[in-house]
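Input: a single structure, listed below in C-alpha cells.
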Number of protein chains: 4
Amino acid sequence: MEHLESNSETVAAIRDSFSKQGLMMTIGAKLHLVASGEVRLRIEASESLTQHHGFLHAGIIGTILDSSCGWAAQTLMPLGTEVLTVEYKLNLLRPAAGQHFEGRGTVVRAGSTLTAAEAAFYTTDDPDRLIATMTATLIGVRPRSSD
Amino acid sequence: MEHLESNSETVAAIRDSFSKQGLMMTIGAKLHLVASGEVRLRIEASESLTQHHGFLHAGIIGTILDSSCGWAAQTLMPLGTEVLTVEYKLNLLRPAAGQHFEGRGTVVRAGSTLTAAEAAFYTTDDPDRLIATMTATLIGVRPRSSD
Amino acid sequence: MEHLESNSETVAAIRDSFSKQGLMMTIGAKLHLVASGEVRLRIEASESLTQHHGFLHAGIIGTILDSSCGWAAQTLMPLGTEVLTVEYKLNLLRPAAGQHFEGRGTVVRAGSTLTAAEAAFYTTDDPDRLIATMTATLIGVRPRSSD
Amino acid sequence: MEHLESNSETVAAIRDSFSKQGLMMTIGAKLHLVASGEVRLRIEASESLTQHHGFLHAGIIGTILDSSCGWAAQTLMPLGTEVLTVEYKLNLLRPAAGQHFEGRGTVVRAGSTLTAAEAAFYTTDDPDRLIATMTATLIGVRPRSSD
C-alpha cells in the first residue's frame, strides 16, 4: 500500500482480513489505501478476468467495490467487529476498457449497527474514466466469543 | 449442461459467449441450463474464491447471478444481439456456506431495448437454502457491423 | 380489508401504523390484506398522483411497495417492534397505465435484526399486468422504553 | 425557482413537465434549481406526508429524488425527449426529521440512450443533514410523432 492514514491496529486488521480472502489473491487485487472511512483497491486487466468482449467482468468490478466498501466501513468500527455486506447495487456506466483499475470505497454514514457506503470504479489509465458506481449497506457483527 | 430447452442457435451463441468469458473458467463456473428466459449456472466452493470467513465471496455470487441474468435475457433477444448489464442489485441473505451452488436467472420483462431480470443463488447441498437474490437491468445492443 | 389471515394483535398493530401514516390517507391507499409475511395495499389512479404523462407517478409506486414490504416484515416481528426501511430498489417495467392497482409485499428472509422483502406492483384491471418490482431491506427496532 | 442556469427552452420544458405532474402539487414540491445536469426540488414537512412516526415518508423522499434525477437527465437530452425512470435505489440513512427538505439530482453519465444519475436528500434546517441517497437509471424516449 502506498498510503496508510488510519490507525495501525485497524490497518493490521484489514490487512489480515484481506490476506484471508482467497479471492483477492485469485484475481490479483492489491490493497492500495486504508484511511479513516476510505479504502482503495487496485486490479489489473487479465485474460483470466474477462467477460465475453474481453473487458473486465462486471462481477470483478462488483467484487472490488464490495470489498472496498466493506473495509472502508471496518475502519470506523470498533476493533474486532466483523463486517458483512447486506446488499449492494452496481451501476455500470461504461465497458471496463483499460489496463489499470482502482476501486474507491467511502463511508457515507456509519451507524451503530449499519453502515452506508458508496464506491466508484475507475480506470487509472490516462485519462481517468469512471466505469461504475456502487452503493452498499454493511452490518457490523461483534464476534460471539466477546459477548 | 444437463438440460437444453431453448433453440439450438441461441444455445450455441450462449455457449460461445460463455467460452469467451475468461472469468468463468477462472472460477470454475458451469453452464447448467439454458431455457427460454432462464439460465442456470453452477459453481463449487473453493479456497480460491473465499471471503475472510472462508465462505464464497459475495463478488462471486454477484458474478454468477449477473451472468445468469445476462444469458437469460439473451435467450429472448434476436440472434446476434450483444447483452450488456446496465445495473444490478444484490441482497445477501445468509453467508454462502456449503459446497455446491446454483444461480438461477430469469427474465421478468423483455422489452425492445431493455430487459428486466431477477436471479436467486442457492446452495444445492441438502437441504437447499436461498443465499442471495438479484434484480438486474440488461440492454441489448445490435453489433454495428450488421446495421 | 377483505382478508385477515394473521393474528389479531399483529393486524391491529399494522392497522394502527397504517392509520398514523398521513401519506396513506393523502394518496387514498387501502390496506387490503395482512397475512403472515405478506401485506397487500390498493390504490386508485387519480389526477392528484400523476407524473407528466398522466400515469401514476413512480414515487407513488415506491410508496405503496415500500409500505407493503415494511408491514409484511412487521407481521413476522415481535409485537411492539418498530420497522424502518434501510433501502429499497424499484425496477419500473411499464408505465403505470390503468385505474386499479395493487402492491404485494412478501418477506424473503426474516432475520433477527434485518428482514429482506420483495414486492410487486400490478394493475388489477383486466388483464393483470406487472408494472414494477421492488427489493427492500428492513430493520426492526425495539422501542427504547421497553429496554 | 431561485436559480436558472440552463438554457431557457430546456428550463421551460422542465417547468412544463413539472406542472403536468399532479403529484408535485399534491405534495407541495417546488422546482428550486435547474442547471446543466442538475435539478433541485424542495418540499416542506406536512402531516399529510408522514409515515407512522410522524417523519416524512420514505415514499416522498423517493418521489422527490426520482423526479430530481429525471429532470437532471432531461437537461442534457435533446429538446422534446421524454424521460422515463428505468430503476432507482434509495438508501435511507436517517429518519427524515426536520421541516425543510431539498433533493439534489445530478447526472453521473449521460449516454445516447441511458442516463445514470444520483441524488441526495437533505434537511436544509440548520444544520444540514444528509437523510437519503439515490442512484437511478433513466431512459430518453423520442416522441413517436417526431420520428
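Identifiers in the C-alpha cells: chain A, B, ... in order shown; residue index from 1 per chain; ligand index from 1 in order shown.
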**Item:** Counting only C-alpha atoms, chain C residues within 12 Å of chain B, as an NGL selection string
**Value:** :C and (87-94 or 107-120 or 129-138)
Could those residues be written to a file, using N, CA and C atoms, as an mmCIF file, in the first residue's frame?
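Output file again_7.cif is given in full below:
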```
data_model
loop_
_atom_site.group_PDB
_atom_site.id
_atom_site.type_symbol
_atom_site.label_atom_id
_atom_site.label_comp_id
_atom_site.auth_asym_id
_atom_site.auth_seq_id
_atom_site.Cartn_x
_atom_site.Cartn_y
_atom_site.Cartn_z
ATOM 1 N N GLU C 87 -33.250 0.317 2.919
ATOM 2 C CA GLU C 87 -33.062 0.639 1.497
ATOM 3 C C GLU C 87 -34.097 -0.100 0.694
ATOM 4 N N TYR C 88 -34.398 0.453 -0.462
ATOM 5 C CA TYR C 88 -35.189 -0.300 -1.427
ATOM 6 C C TYR C 88 -34.749 0.065 -2.839
ATOM 7 N N LYS C 89 -34.995 -0.863 -3.734
ATOM 8 C CA LYS C 89 -34.730 -0.638 -5.153
ATOM 9 C C LYS C 89 -35.981 -0.983 -5.932
ATOM 10 N N LEU C 90 -36.304 -0.106 -6.845
ATOM 11 C CA LEU C 90 -37.525 -0.213 -7.629
ATOM 12 C C LEU C 90 -37.153 -0.338 -9.102
ATOM 13 N N ASN C 91 -37.633 -1.396 -9.741
ATOM 14 C CA ASN C 91 -37.493 -1.540 -11.193
ATOM 15 C C ASN C 91 -38.835 -1.290 -11.842
ATOM 16 N N LEU C 92 -38.873 -0.334 -12.738
ATOM 17 C CA LEU C 92 -40.120 0.075 -13.383
ATOM 18 C C LEU C 92 -40.189 -0.579 -14.755
ATOM 19 N N LEU C 93 -41.137 -1.480 -14.913
ATOM 20 C CA LEU C 93 -41.169 -2.328 -16.106
ATOM 21 C C LEU C 93 -42.057 -1.778 -17.207
ATOM 22 N N ARG C 94 -43.076 -1.039 -16.808
ATOM 23 C CA ARG C 94 -44.047 -0.491 -17.768
ATOM 24 C C ARG C 94 -44.616 0.801 -17.170
ATOM 25 N N VAL C 107 -42.185 -11.303 2.539
ATOM 26 C CA VAL C 107 -40.899 -11.462 3.205
ATOM 27 C C VAL C 107 -40.117 -12.584 2.531
ATOM 28 N N VAL C 108 -38.864 -12.314 2.212
ATOM 29 C CA VAL C 108 -37.985 -13.314 1.615
ATOM 30 C C VAL C 108 -37.167 -14.012 2.706
ATOM 31 N N ARG C 109 -36.708 -13.230 3.658
ATOM 32 C CA ARG C 109 -35.971 -13.799 4.787
ATOM 33 C C ARG C 109 -36.116 -12.876 5.987
ATOM 34 N N ALA C 110 -36.569 -13.440 7.086
ATOM 35 C CA ALA C 110 -36.727 -12.672 8.313
ATOM 36 C C ALA C 110 -35.601 -13.052 9.267
ATOM 37 N N GLY C 111 -34.629 -12.168 9.436
ATOM 38 C CA GLY C 111 -33.541 -12.411 10.363
ATOM 39 C C GLY C 111 -33.824 -11.785 11.716
ATOM 40 N N SER C 112 -32.902 -11.926 12.629
ATOM 41 C CA SER C 112 -33.149 -11.389 13.972
ATOM 42 C C SER C 112 -33.086 -9.864 13.970
ATOM 43 N N THR C 113 -32.259 -9.287 13.126
ATOM 44 C CA THR C 113 -32.153 -7.826 13.044
ATOM 45 C C THR C 113 -32.762 -7.304 11.744
ATOM 46 N N LEU C 114 -32.379 -7.917 10.656
ATOM 47 C CA LEU C 114 -32.781 -7.429 9.328
ATOM 48 C C LEU C 114 -33.764 -8.381 8.658
ATOM 49 N N THR C 115 -34.654 -7.800 7.886
ATOM 50 C CA THR C 115 -35.586 -8.583 7.075
ATOM 51 C C THR C 115 -35.429 -8.175 5.611
ATOM 52 N N ALA C 116 -35.342 -9.170 4.746
ATOM 53 C CA ALA C 116 -35.351 -8.914 3.302
ATOM 54 C C ALA C 116 -36.751 -9.180 2.787
ATOM 55 N N ALA C 117 -37.249 -8.258 1.985
ATOM 56 C CA ALA C 117 -38.592 -8.409 1.419
ATOM 57 C C ALA C 117 -38.558 -8.068 -0.058
ATOM 58 N N GLU C 118 -39.573 -8.511 -0.761
ATOM 59 C CA GLU C 118 -39.717 -8.131 -2.163
ATOM 60 C C GLU C 118 -41.175 -7.774 -2.403
ATOM 61 N N ALA C 119 -41.421 -7.024 -3.438
ATOM 62 C CA ALA C 119 -42.783 -6.591 -3.706
ATOM 63 C C ALA C 119 -42.992 -6.433 -5.193
ATOM 64 N N ALA C 120 -44.250 -6.539 -5.590
ATOM 65 C CA ALA C 120 -44.621 -6.377 -6.993
ATOM 66 C C ALA C 120 -45.837 -5.464 -7.060
ATOM 67 N N ARG C 129 -51.489 -6.820 -15.058
ATOM 68 C CA ARG C 129 -50.179 -6.571 -15.651
ATOM 69 C C ARG C 129 -49.200 -6.183 -14.552
ATOM 70 N N LEU C 130 -48.011 -6.752 -14.631
ATOM 71 C CA LEU C 130 -46.949 -6.416 -13.681
ATOM 72 C C LEU C 130 -46.318 -5.104 -14.126
ATOM 73 N N ILE C 131 -46.264 -4.132 -13.227
ATOM 74 C CA ILE C 131 -45.770 -2.794 -13.571
ATOM 75 C C ILE C 131 -44.385 -2.531 -12.984
ATOM 76 N N ALA C 132 -44.150 -3.027 -11.794
ATOM 77 C CA ALA C 132 -42.873 -2.719 -11.133
ATOM 78 C C ALA C 132 -42.560 -3.774 -10.087
ATOM 79 N N THR C 133 -41.272 -3.920 -9.803
ATOM 80 C CA THR C 133 -40.842 -4.819 -8.738
ATOM 81 C C THR C 133 -39.908 -4.068 -7.791
ATOM 82 N N MET C 134 -39.897 -4.504 -6.548
ATOM 83 C CA MET C 134 -39.039 -3.899 -5.527
ATOM 84 C C MET C 134 -38.342 -4.993 -4.726
ATOM 85 N N THR C 135 -37.109 -4.714 -4.333
ATOM 86 C CA THR C 135 -36.489 -5.477 -3.246
ATOM 87 C C THR C 135 -36.139 -4.467 -2.151
ATOM 88 N N ALA C 136 -36.266 -4.899 -0.902
ATOM 89 C CA ALA C 136 -36.083 -3.958 0.214
ATOM 90 C C ALA C 136 -35.437 -4.651 1.399
ATOM 91 N N THR C 137 -34.722 -3.861 2.178
ATOM 92 C CA THR C 137 -34.174 -4.306 3.463
ATOM 93 C C THR C 137 -34.812 -3.480 4.566
ATOM 94 N N LEU C 138 -35.332 -4.167 5.563
ATOM 95 C CA LEU C 138 -35.998 -3.516 6.690
ATOM 96 C C LEU C 138 -35.267 -3.871 7.980
#
```
LSQ fit chain D -> chain B, C-alpha in sequence order, output as an mmCIF file with C-alpha atoms, in the first residue's frame:
```cif
data_model
loop_
_atom_site.group_PDB
_atom_site.id
_atom_site.type_symbol
_atom_site.label_atom_id
_atom_site.label_comp_id
_atom_site.auth_asym_id
_atom_site.auth_seq_id
_atom_site.Cartn_x
_atom_site.Cartn_y
_atom_site.Cartn_z
ATOM 1 C CA MET D 1 -25.307 -28.912 -19.333
ATOM 2 C CA GLU D 2 -27.984 -31.292 -18.247
ATOM 3 C CA HIS D 3 -30.879 -29.566 -19.937
ATOM 4 C CA LEU D 4 -31.156 -27.619 -23.142
ATOM 5 C CA GLU D 5 -34.634 -26.391 -23.778
ATOM 6 C CA SER D 6 -33.995 -23.347 -25.936
ATOM 7 C CA ASN D 7 -33.461 -23.326 -29.671
ATOM 8 C CA SER D 8 -30.117 -24.639 -30.743
ATOM 9 C CA GLU D 9 -28.733 -21.467 -32.307
ATOM 10 C CA THR D 10 -29.397 -19.454 -29.160
ATOM 11 C CA VAL D 11 -27.845 -22.154 -27.039
ATOM 12 C CA ALA D 12 -24.811 -22.206 -29.303
ATOM 13 C CA ALA D 13 -24.470 -18.420 -29.072
ATOM 14 C CA ILE D 14 -24.636 -18.535 -25.281
ATOM 15 C CA ARG D 15 -22.149 -21.408 -25.116
ATOM 16 C CA ASP D 16 -19.859 -19.332 -27.301
ATOM 17 C CA SER D 17 -20.294 -16.273 -25.086
ATOM 18 C CA PHE D 18 -19.654 -18.409 -22.007
ATOM 19 C CA SER D 19 -16.475 -19.833 -23.509
ATOM 20 C CA LYS D 20 -15.203 -16.295 -24.189
ATOM 21 C CA GLN D 21 -15.570 -15.220 -20.565
ATOM 22 C CA GLY D 22 -12.159 -15.913 -19.102
ATOM 23 C CA LEU D 23 -13.598 -15.347 -15.660
ATOM 24 C CA MET D 24 -15.987 -18.308 -15.977
ATOM 25 C CA MET D 25 -13.021 -20.652 -16.385
ATOM 26 C CA THR D 26 -11.034 -18.924 -13.629
ATOM 27 C CA ILE D 27 -13.797 -19.496 -11.094
ATOM 28 C CA GLY D 28 -14.846 -22.896 -12.413
ATOM 29 C CA ALA D 29 -18.424 -21.965 -13.301
ATOM 30 C CA LYS D 30 -20.536 -24.361 -15.360
ATOM 31 C CA LEU D 31 -23.407 -23.527 -17.683
ATOM 32 C CA HIS D 32 -26.085 -25.836 -16.307
ATOM 33 C CA LEU D 33 -29.330 -24.939 -18.070
ATOM 34 C CA VAL D 34 -30.351 -22.717 -20.951
ATOM 35 C CA ALA D 35 -34.091 -22.415 -21.452
ATOM 36 C CA SER D 36 -36.352 -19.743 -22.854
ATOM 37 C CA GLY D 37 -35.983 -16.822 -20.446
ATOM 38 C CA GLU D 38 -33.960 -18.812 -17.922
ATOM 39 C CA VAL D 39 -30.303 -19.693 -17.411
ATOM 40 C CA ARG D 40 -28.689 -21.584 -14.536
ATOM 41 C CA LEU D 41 -25.021 -21.641 -13.655
ATOM 42 C CA ARG D 42 -23.283 -23.863 -11.123
ATOM 43 C CA ILE D 43 -20.154 -23.364 -9.081
ATOM 44 C CA GLU D 44 -18.304 -25.201 -6.335
ATOM 45 C CA ALA D 45 -16.810 -23.822 -3.146
ATOM 46 C CA SER D 46 -13.042 -23.363 -3.377
ATOM 47 C CA GLU D 47 -10.323 -21.756 -1.282
ATOM 48 C CA SER D 48 -9.537 -19.592 -4.281
ATOM 49 C CA LEU D 49 -12.984 -17.957 -4.084
ATOM 50 C CA THR D 50 -13.369 -17.183 -0.380
ATOM 51 C CA GLN D 51 -14.047 -14.069 1.607
ATOM 52 C CA HIS D 52 -12.395 -13.594 4.996
ATOM 53 C CA HIS D 53 -14.558 -16.106 6.870
ATOM 54 C CA GLY D 54 -13.948 -18.853 4.345
ATOM 55 C CA PHE D 55 -17.365 -18.581 2.683
ATOM 56 C CA LEU D 56 -17.891 -17.981 -1.016
ATOM 57 C CA HIS D 57 -17.181 -14.296 -1.711
ATOM 58 C CA ALA D 58 -20.180 -12.066 -2.425
ATOM 59 C CA GLY D 59 -18.371 -10.915 -5.546
ATOM 60 C CA ILE D 60 -18.580 -14.460 -6.925
ATOM 61 C CA ILE D 61 -22.278 -14.602 -6.098
ATOM 62 C CA GLY D 62 -22.692 -11.344 -7.974
ATOM 63 C CA THR D 63 -20.673 -12.693 -10.903
ATOM 64 C CA ILE D 64 -22.749 -15.854 -11.193
ATOM 65 C CA LEU D 65 -26.086 -14.092 -10.875
ATOM 66 C CA ASP D 66 -25.168 -11.229 -13.209
ATOM 67 C CA SER D 67 -24.082 -13.753 -15.820
ATOM 68 C CA SER D 68 -27.205 -15.884 -15.392
ATOM 69 C CA CYS D 69 -29.367 -12.773 -15.845
ATOM 70 C CA GLY D 70 -27.428 -11.689 -18.914
ATOM 71 C CA TRP D 71 -27.720 -15.012 -20.694
ATOM 72 C CA ALA D 72 -31.347 -15.428 -19.645
ATOM 73 C CA ALA D 73 -31.990 -12.076 -21.311
ATOM 74 C CA GLN D 74 -30.102 -13.204 -24.402
ATOM 75 C CA THR D 75 -32.386 -16.224 -24.853
ATOM 76 C CA LEU D 76 -35.235 -13.823 -25.676
ATOM 77 C CA MET D 77 -33.297 -11.460 -27.945
ATOM 78 C CA PRO D 78 -32.703 -11.717 -31.692
ATOM 79 C CA LEU D 79 -29.669 -13.796 -32.611
ATOM 80 C CA GLY D 80 -26.558 -11.676 -32.799
ATOM 81 C CA THR D 81 -27.631 -9.210 -30.122
ATOM 82 C CA GLU D 82 -24.948 -8.330 -27.601
ATOM 83 C CA VAL D 83 -26.118 -8.139 -23.993
ATOM 84 C CA LEU D 84 -24.671 -5.644 -21.532
ATOM 85 C CA THR D 85 -25.583 -5.245 -17.881
ATOM 86 C CA VAL D 86 -26.845 -1.763 -17.042
ATOM 87 C CA GLU D 87 -27.147 -2.329 -13.312
ATOM 88 C CA TYR D 88 -27.757 -5.006 -10.735
ATOM 89 C CA LYS D 89 -28.596 -5.130 -7.069
ATOM 90 C CA LEU D 90 -27.650 -8.009 -4.836
ATOM 91 C CA ASN D 91 -29.280 -8.771 -1.486
ATOM 92 C CA LEU D 92 -27.213 -11.143 0.629
ATOM 93 C CA LEU D 93 -29.512 -13.136 2.908
ATOM 94 C CA ARG D 94 -27.113 -15.617 4.504
ATOM 95 C CA PRO D 95 -23.407 -16.469 4.425
ATOM 96 C CA ALA D 96 -22.662 -18.658 1.411
ATOM 97 C CA ALA D 97 -21.886 -21.747 3.473
ATOM 98 C CA GLY D 98 -21.914 -25.020 1.560
ATOM 99 C CA GLN D 99 -20.123 -26.836 -1.205
ATOM 100 C CA HIS D 100 -22.400 -26.771 -4.246
ATOM 101 C CA PHE D 101 -24.123 -23.651 -5.513
ATOM 102 C CA GLU D 102 -26.506 -22.727 -8.287
ATOM 103 C CA GLY D 103 -27.513 -19.339 -9.655
ATOM 104 C CA ARG D 104 -30.857 -19.137 -11.449
ATOM 105 C CA GLY D 105 -31.549 -16.133 -13.655
ATOM 106 C CA THR D 106 -34.989 -15.501 -15.136
ATOM 107 C CA VAL D 107 -36.420 -12.752 -17.302
ATOM 108 C CA VAL D 108 -39.141 -10.664 -15.690
ATOM 109 C CA ARG D 109 -39.852 -8.464 -18.699
ATOM 110 C CA ALA D 110 -38.215 -8.430 -22.105
ATOM 111 C CA GLY D 111 -38.650 -5.055 -23.761
ATOM 112 C CA SER D 112 -37.427 -3.949 -27.161
ATOM 113 C CA THR D 113 -34.368 -2.188 -25.705
ATOM 114 C CA LEU D 114 -34.174 -3.157 -22.031
ATOM 115 C CA THR D 115 -34.733 -6.440 -20.239
ATOM 116 C CA ALA D 116 -35.488 -6.782 -16.540
ATOM 117 C CA ALA D 117 -34.305 -9.998 -14.929
ATOM 118 C CA GLU D 118 -34.088 -11.457 -11.479
ATOM 119 C CA ALA D 119 -31.924 -14.194 -10.052
ATOM 120 C CA ALA D 120 -31.529 -16.321 -6.958
ATOM 121 C CA PHE D 121 -28.440 -18.002 -5.556
ATOM 122 C CA TYR D 122 -28.868 -21.300 -3.734
ATOM 123 C CA THR D 123 -26.724 -23.896 -2.162
ATOM 124 C CA THR D 124 -27.856 -27.179 -3.668
ATOM 125 C CA ASP D 125 -26.459 -29.089 -0.696
ATOM 126 C CA ASP D 126 -29.214 -30.854 1.192
ATOM 127 C CA PRO D 127 -31.322 -29.000 2.123
ATOM 128 C CA ASP D 128 -31.503 -26.221 -0.448
ATOM 129 C CA ARG D 129 -31.035 -22.786 1.030
ATOM 130 C CA LEU D 130 -31.589 -19.420 -0.587
ATOM 131 C CA ILE D 131 -28.433 -17.320 -0.120
ATOM 132 C CA ALA D 132 -28.926 -14.219 -2.226
ATOM 133 C CA THR D 133 -31.257 -12.514 -4.681
ATOM 134 C CA MET D 134 -30.558 -10.136 -7.540
ATOM 135 C CA THR D 135 -32.540 -7.816 -9.749
ATOM 136 C CA ALA D 136 -30.860 -6.591 -12.921
ATOM 137 C CA THR D 137 -31.393 -4.441 -15.993
ATOM 138 C CA LEU D 138 -29.807 -5.554 -19.247
ATOM 139 C CA ILE D 139 -29.560 -3.806 -22.585
ATOM 140 C CA GLY D 140 -29.422 -5.499 -25.956
ATOM 141 C CA VAL D 141 -27.063 -3.942 -28.472
ATOM 142 C CA ARG D 142 -27.020 -4.837 -32.146
ATOM 143 C CA PRO D 143 -23.468 -5.174 -33.447
ATOM 144 C CA ARG D 144 -22.587 -2.127 -35.504
ATOM 145 C CA SER D 145 -21.457 -4.142 -38.498
ATOM 146 C CA SER D 146 -24.999 -5.477 -38.916
ATOM 147 C CA ASP D 147 -26.634 -2.084 -39.124
#
```
**Prompt:** Where does DSSP see strand (DSSP E or B) in segment 11-75 of chain B, if you list the residues as JSON, numbers by chain?
**Reply:** {"B": [30, 31, 32, 33, 34, 35, 38, 39, 40, 41, 42, 43, 44, 50, 56]}
